Amino acid sequence: MAFREYKIGSRMFAFALGSSMMITLYFPSKDIASVQATKTALNRQLSFGRIGGFSVEDPFLKGKGKPVTVFLNKDPKTGQPIEPVTAYVYPAGVPFPSGLRHPRILGEGVKDLSLGQGRIADAKEGSGAVFVVSEAGFNGKTLSYIENATATRGWQPGEAVAAAGDANSRYIGSGKIMFVREGCWWCHTLLPEETQDWQYFGAPPMLGDFNGESPTAFGSDRKAPDLLHVASRNSSREWMTMHFYNPRLVQTHSIMPRYDYLWGEKDAAGNKIDYDKWRAEYNEYVAGKRVYAPEVPQPAAESEARMLIDFVLALK
Ligand code: HEC
């Protein structure tokens, strides 16, 4: 009967599917490798870790298996004061981002410097490593590259975290997971457009700003301000803390949902957070029966709220 048509049709279907998969999987990486990764791209991927979304190491999107970004003003090995530097700490077992796994996608020059001077091929996920972003000349141009500070300076992950302390540690990679999981992209974009957008939200990104980041969280539909450079407009941790606990505390008519549940059970001082009491007092405040809104609890160091705020404040 008409079986012949089915055979032809299914072959055509297989060919179309196969070639579109080829294009999707192979060609974008070819494009990416033809652009040099910018300093922004290196900082982004090193602070986010391997996957900024659903992954095998973090199937429930809890922010697990991510690096810690630390600010160091002393050498973690010797304890001597140094020029302040941002370092990305990958404790043993934390997966490396794409640029370290496939240096080719860093683009010409950045790849060469990272492999040569940066010694990134010596870094092993099994034993962990500390990375920094450094600069050097390549064919007459100054480029940023990834330096494996464990190989070049002898910095160990544990020592780097201890030298920084909690006040100088940021959970940016785990925070990006919160951003994706909580659907912030439903209202916010991370992509100012090449229009008047620029005047308020800041410059659109460059093509090379995303080499090695997977996936990006550009968003598509915008019901709220673009956040790519939000911390350049507002870098207040206190404001962010209040705004995430309940946006109406700082923006009376905000349609943004409250994210108080990201605070978890206990606050930074280890006290149980009494959400019912807080709501009751807040309702009194809204009704005009209290002069001040109730205090917002300080998020605990390991809370999801802390991770999210660290991520948002790194969007500069
Ligand atoms: C229902 C839509 C909606 C969702 C979902 C949402 N927001 Fe918002 N957001 C807004 C609106 C509207 C504003 C502007 C008014 C205000 O500041 O509350 C805003 C403001 C902000 C601001 C301040 C922006 C500026 O220019 O100063 C930040 C930061 C922010 N949101 C972060 C987040 C994060 C992070 C998430 C996810 C955890 C999130 N938002 C989820 C609607 C949303």
# chains A, B, ... in the order shown; residues from 1 in each chain; ligands from 1
$ select_by_dssp --residues "region 16-54 of chain A" --states "helix (DSSP H, G or I)" --output "ChimeraX atom specification"
/A:16-33,39-48
$ write_last_selection --atoms "C-alpha atoms" --output "mmCIF file, in the first residue's frame"
data_model
loop_
_atom_site.group_PDB
_atom_site.id
_atom_site.type_symbol
_atom_site.label_atom_id
_atom_site.label_comp_id
_atom_site.auth_asym_id
_atom_site.auth_seq_id
_atom_site.Cartn_x
_atom_site.Cartn_y
_atom_site.Cartn_z
ATOM 1 C CA ALA A 16 16.088 16.337 9.729
ATOM 2 C CA LEU A 17 16.291 15.404 13.412
ATOM 3 C CA GLY A 18 19.877 14.187 13.089
ATOM 4 C CA SER A 19 21.095 17.271 11.278
ATOM 5 C CA SER A 20 19.304 19.673 13.602
ATOM 6 C CA MET A 21 20.891 17.897 16.567
ATOM 7 C CA MET A 22 24.281 18.146 14.882
ATOM 8 C CA ILE A 23 23.813 21.864 14.371
ATOM 9 C CA THR A 24 22.588 22.393 17.934
ATOM 10 C CA LEU A 25 25.319 20.347 19.562
ATOM 11 C CA TYR A 26 28.311 20.977 17.373
ATOM 12 C CA PHE A 27 28.064 24.338 15.669
ATOM 13 C CA PRO A 28 27.371 26.609 18.668
ATOM 14 C CA SER A 29 30.515 25.372 20.394
ATOM 15 C CA LYS A 30 32.417 26.091 17.213
ATOM 16 C CA ASP A 31 31.061 29.634 17.236
ATOM 17 C CA ILE A 32 31.909 30.087 20.898
ATOM 18 C CA ALA A 33 35.473 28.936 20.362
ATOM 19 C CA LYS A 39 37.222 38.620 31.805
ATOM 20 C CA THR A 40 33.489 38.664 32.586
ATOM 21 C CA ALA A 41 33.081 35.197 31.060
ATOM 22 C CA LEU A 42 35.959 33.819 33.152
ATOM 23 C CA ASN A 43 34.587 35.326 36.363
ATOM 24 C CA ARG A 44 31.076 34.129 35.597
ATOM 25 C CA GLN A 45 31.913 30.528 34.881
ATOM 26 C CA LEU A 46 34.364 30.239 37.763
ATOM 27 C CA SER A 47 31.806 31.611 40.239
ATOM 28 C CA PHE A 48 28.879 29.553 38.871
#
$ residues_around --residues "Glu238 (chain A)" --least-positions-apart "2" --cutoff "12 Å" --atoms "only C-alpha atoms" --output "MDAnalysis selection string"
chainID A and resid 234:236 240:245 249:250 295:299 306 309:310 313
$ residues_near_ligand --ligand "ligand 1" --cutoff "6 Å" --atoms "only C-alpha atoms and all ligand atoms" --output "list in words"
Phe179, Glu182, Gly183, Cys184, Trp186, Cys187, Ala224, Pro225, Val230, Pro247, Gln251, Ser254, Ile255, Met256 and Pro257 of chain A
$ closest_atom_pairs --of "region 142-202 of chain A" --to "region 116-119 of chain A" --cutoff "8 Å" --atoms "only C-alpha atoms" --output "JSON lines"
{"residue": "A:Tyr145", "atom": "CA", "partner": "A:Gly118", "partner_atom": "CA", "distance": 7.1}
{"residue": "A:Ile146", "atom": "CA", "partner": "A:Gly118", "partner_atom": "CA", "distance": 5.7}
{"residue": "A:Glu147", "atom": "CA", "partner": "A:Gly118", "partner_atom": "CA", "distance": 3.8}
{"residue": "A:Asn148", "atom": "CA", "partner": "A:Gly118", "partner_atom": "CA", "distance": 5.5}
{"residue": "A:Ala149", "atom": "CA", "partner": "A:Gly118", "partner_atom": "CA", "distance": 7.9}
{"residue": "A:Ala151", "atom": "CA", "partner": "A:Arg119", "partner_atom": "CA", "distance": 6.8}
{"residue": "A:Thr152", "atom": "CA", "partner": "A:Arg119", "partner_atom": "CA", "distance": 7.4}
$ atom_distance --atom1 "CA of Gly99 (chain A)" --atom2 "CA of Asn211 (chain A)"
7.3 Å
$ atom_distance --atom1 "CA of Ala268 (chain A)" --atom2 "CA of Arg237 (chain A)"
14.3 Å
$ residues_around --residues "Pro294 (chain A)" --least-positions-apart "2" --cutoff "7 Å" --atoms "only C-alpha atoms" --output "ChimeraX atom specification"
/A:278,281-282,292,296
$ residues_around --residues "Gln36 (chain A)" --least-positions-apart "3" --cutoff "7 Å" --atoms "only C-alpha atoms" --output "mmCIF file with C-alpha atoms, in the first residue's frame"
data_model
loop_
_atom_site.group_PDB
_atom_site.id
_atom_site.type_symbol
_atom_site.label_atom_id
_atom_site.label_comp_id
_atom_site.auth_asym_id
_atom_site.auth_seq_id
_atom_site.Cartn_x
_atom_site.Cartn_y
_atom_site.Cartn_z
ATOM 1 C CA LEU A 106 37.878 29.837 25.934
ATOM 2 C CA GLY A 107 39.007 30.931 22.502
ATOM 3 C CA GLU A 108 42.458 31.537 21.073
ATOM 4 C CA VAL A 110 42.798 32.780 26.535
ATOM 5 C CA GLY A 208 32.450 36.631 24.666
#
$ closest_residue --among "A:Lys124, A:Lys7, A:Lys74, A:Lys66" --to "Gly52 (chain A)" --atoms "only C-alpha atoms"
A:Lys66
$ closest_residue --among "A:Trp239, A:Ser34, A:Leu61, A:Lys176" --to "Ser214 (chain A)" --atoms "only C-alpha atoms"
A:Lys176
$ closest_residue --among "A:Pro204, A:Gly79, A:Gly109, A:Gly288" --to "Glu135 (chain A)" --atoms "only C-alpha atoms"
A:Gly109
$ residues_around --residues "Val130 (chain A)" --least-positions-apart "3" --cutoff "8 Å" --atoms "only C-alpha atoms" --output "PyMOL selection string"
chain A and resi 87-90+148-150+155-157+160
$ closest_residue --among "A:Gly9, A:Pro192, A:Pro97, A:Gly270" --to "Gly173 (chain A)" --atoms "only C-alpha atoms"
A:Pro97
$ select_by_dssp --residues "region 35-253 of chain A" --states "strand (DSSP E)" --output "PyMOL selection string"
chain A and resi 68-74+81-90+129-138+141-148+169-170
$ closest_residue --among "A:Leu315, A:Val161, A:Leu308, A:Ile120" --to "Lys77 (chain A)" --atoms "only C-alpha atoms"
A:Val161
$ decode --residues "region 44-142 of chain A" --atoms "C-alpha atoms" --output "compact mmCIF listing (two decimals), in the first residue's frame"
# COMPACT_ATOMS: atom_id res chain seq x y z
CA ARG A 44 31.08 34.13 35.60
CA GLN A 45 31.91 30.53 34.88
CA LEU A 46 34.36 30.24 37.76
CA SER A 47 31.81 31.61 40.24
CA PHE A 48 28.88 29.55 38.87
CA GLY A 49 30.55 26.15 38.54
CA ARG A 50 29.64 23.49 36.03
CA ILE A 51 25.87 23.85 35.62
CA GLY A 52 23.71 26.75 36.67
CA GLY A 53 20.49 24.76 36.75
CA PHE A 54 19.34 21.14 36.87
CA SER A 55 22.28 18.71 36.99
CA VAL A 56 23.12 15.21 38.19
CA GLU A 57 25.06 16.52 41.16
CA ASP A 58 22.15 18.73 42.23
CA PRO A 59 18.91 17.11 41.00
CA PHE A 60 16.69 18.97 43.49
CA LEU A 61 18.29 22.38 42.86
CA LYS A 62 19.51 22.89 46.41
CA GLY A 63 22.67 24.72 45.35
CA LYS A 64 24.90 21.67 46.00
CA GLY A 65 28.23 20.96 44.29
CA LYS A 66 29.08 24.62 43.64
CA PRO A 67 32.29 26.60 44.20
CA VAL A 68 32.68 29.37 46.78
CA THR A 69 33.89 32.82 45.69
CA VAL A 70 36.22 34.40 48.26
CA PHE A 71 37.98 37.75 48.60
CA LEU A 72 41.52 37.31 49.87
CA ASN A 73 43.72 40.05 51.29
CA LYS A 74 46.30 37.66 52.68
CA ASP A 75 48.09 34.75 51.15
CA PRO A 76 46.25 31.62 52.36
CA LYS A 77 49.48 29.68 52.39
CA THR A 78 51.88 32.06 54.12
CA GLY A 79 49.43 34.45 55.81
CA GLN A 80 51.32 37.44 54.35
CA PRO A 81 49.22 40.45 53.19
CA ILE A 82 48.67 40.53 49.40
CA GLU A 83 46.93 42.78 46.86
CA PRO A 84 43.24 41.88 47.35
CA VAL A 85 42.19 39.18 44.88
CA THR A 86 38.98 37.31 44.11
CA ALA A 87 39.53 33.56 44.18
CA TYR A 88 37.22 30.71 43.22
CA VAL A 89 37.46 27.77 45.57
CA TYR A 90 36.58 24.31 44.30
CA PRO A 91 36.71 21.89 47.23
CA ALA A 92 37.45 18.23 46.36
CA GLY A 93 34.73 16.76 44.15
CA VAL A 94 33.08 20.01 43.02
CA PRO A 95 32.78 19.79 39.21
CA PHE A 96 34.75 22.28 37.13
CA PRO A 97 33.00 24.60 34.64
CA SER A 98 33.10 24.01 30.89
CA GLY A 99 36.05 26.32 30.22
CA LEU A 100 38.29 24.19 32.43
CA ARG A 101 36.99 20.91 31.04
CA HIS A 102 37.19 22.01 27.40
CA PRO A 103 39.77 24.85 27.25
CA ARG A 104 39.15 25.15 23.50
CA ILE A 105 35.93 27.08 24.16
CA LEU A 106 37.88 29.84 25.93
CA GLY A 107 39.01 30.93 22.50
CA GLU A 108 42.46 31.54 21.07
CA GLY A 109 44.93 33.19 23.42
CA VAL A 110 42.80 32.78 26.53
CA LYS A 111 43.08 29.03 26.07
CA ASP A 112 46.83 29.21 25.45
CA LEU A 113 47.53 31.41 28.47
CA SER A 114 45.25 29.36 30.76
CA LEU A 115 46.97 26.12 29.76
CA GLY A 116 50.48 27.59 29.73
CA GLN A 117 50.99 30.19 32.45
CA GLY A 118 47.70 29.26 34.17
CA ARG A 119 48.44 25.52 34.37
CA ILE A 120 44.74 24.65 34.39
CA ALA A 121 45.43 21.16 33.04
CA ASP A 122 47.13 20.35 36.37
CA ALA A 123 43.92 20.97 38.33
CA LYS A 124 42.02 17.85 39.37
CA GLU A 125 38.39 17.76 40.43
CA GLY A 126 39.11 14.87 42.78
CA SER A 127 41.48 16.90 44.94
CA GLY A 128 39.95 20.34 44.39
CA ALA A 129 41.67 23.58 43.38
CA VAL A 130 41.66 27.36 43.79
CA PHE A 131 41.46 29.57 40.68
CA VAL A 132 42.02 33.26 40.06
CA VAL A 133 41.67 35.38 36.92
CA SER A 134 44.98 36.92 35.83
CA GLU A 135 46.17 39.00 32.90
CA ALA A 136 49.05 38.62 30.47
CA GLY A 137 50.08 39.68 26.99
CA PHE A 138 49.35 37.47 23.99
CA ASN A 139 50.35 38.53 20.46
CA GLY A 140 50.57 42.14 21.58
CA LYS A 141 47.16 42.13 23.31
CA THR A 142 46.43 41.95 27.04
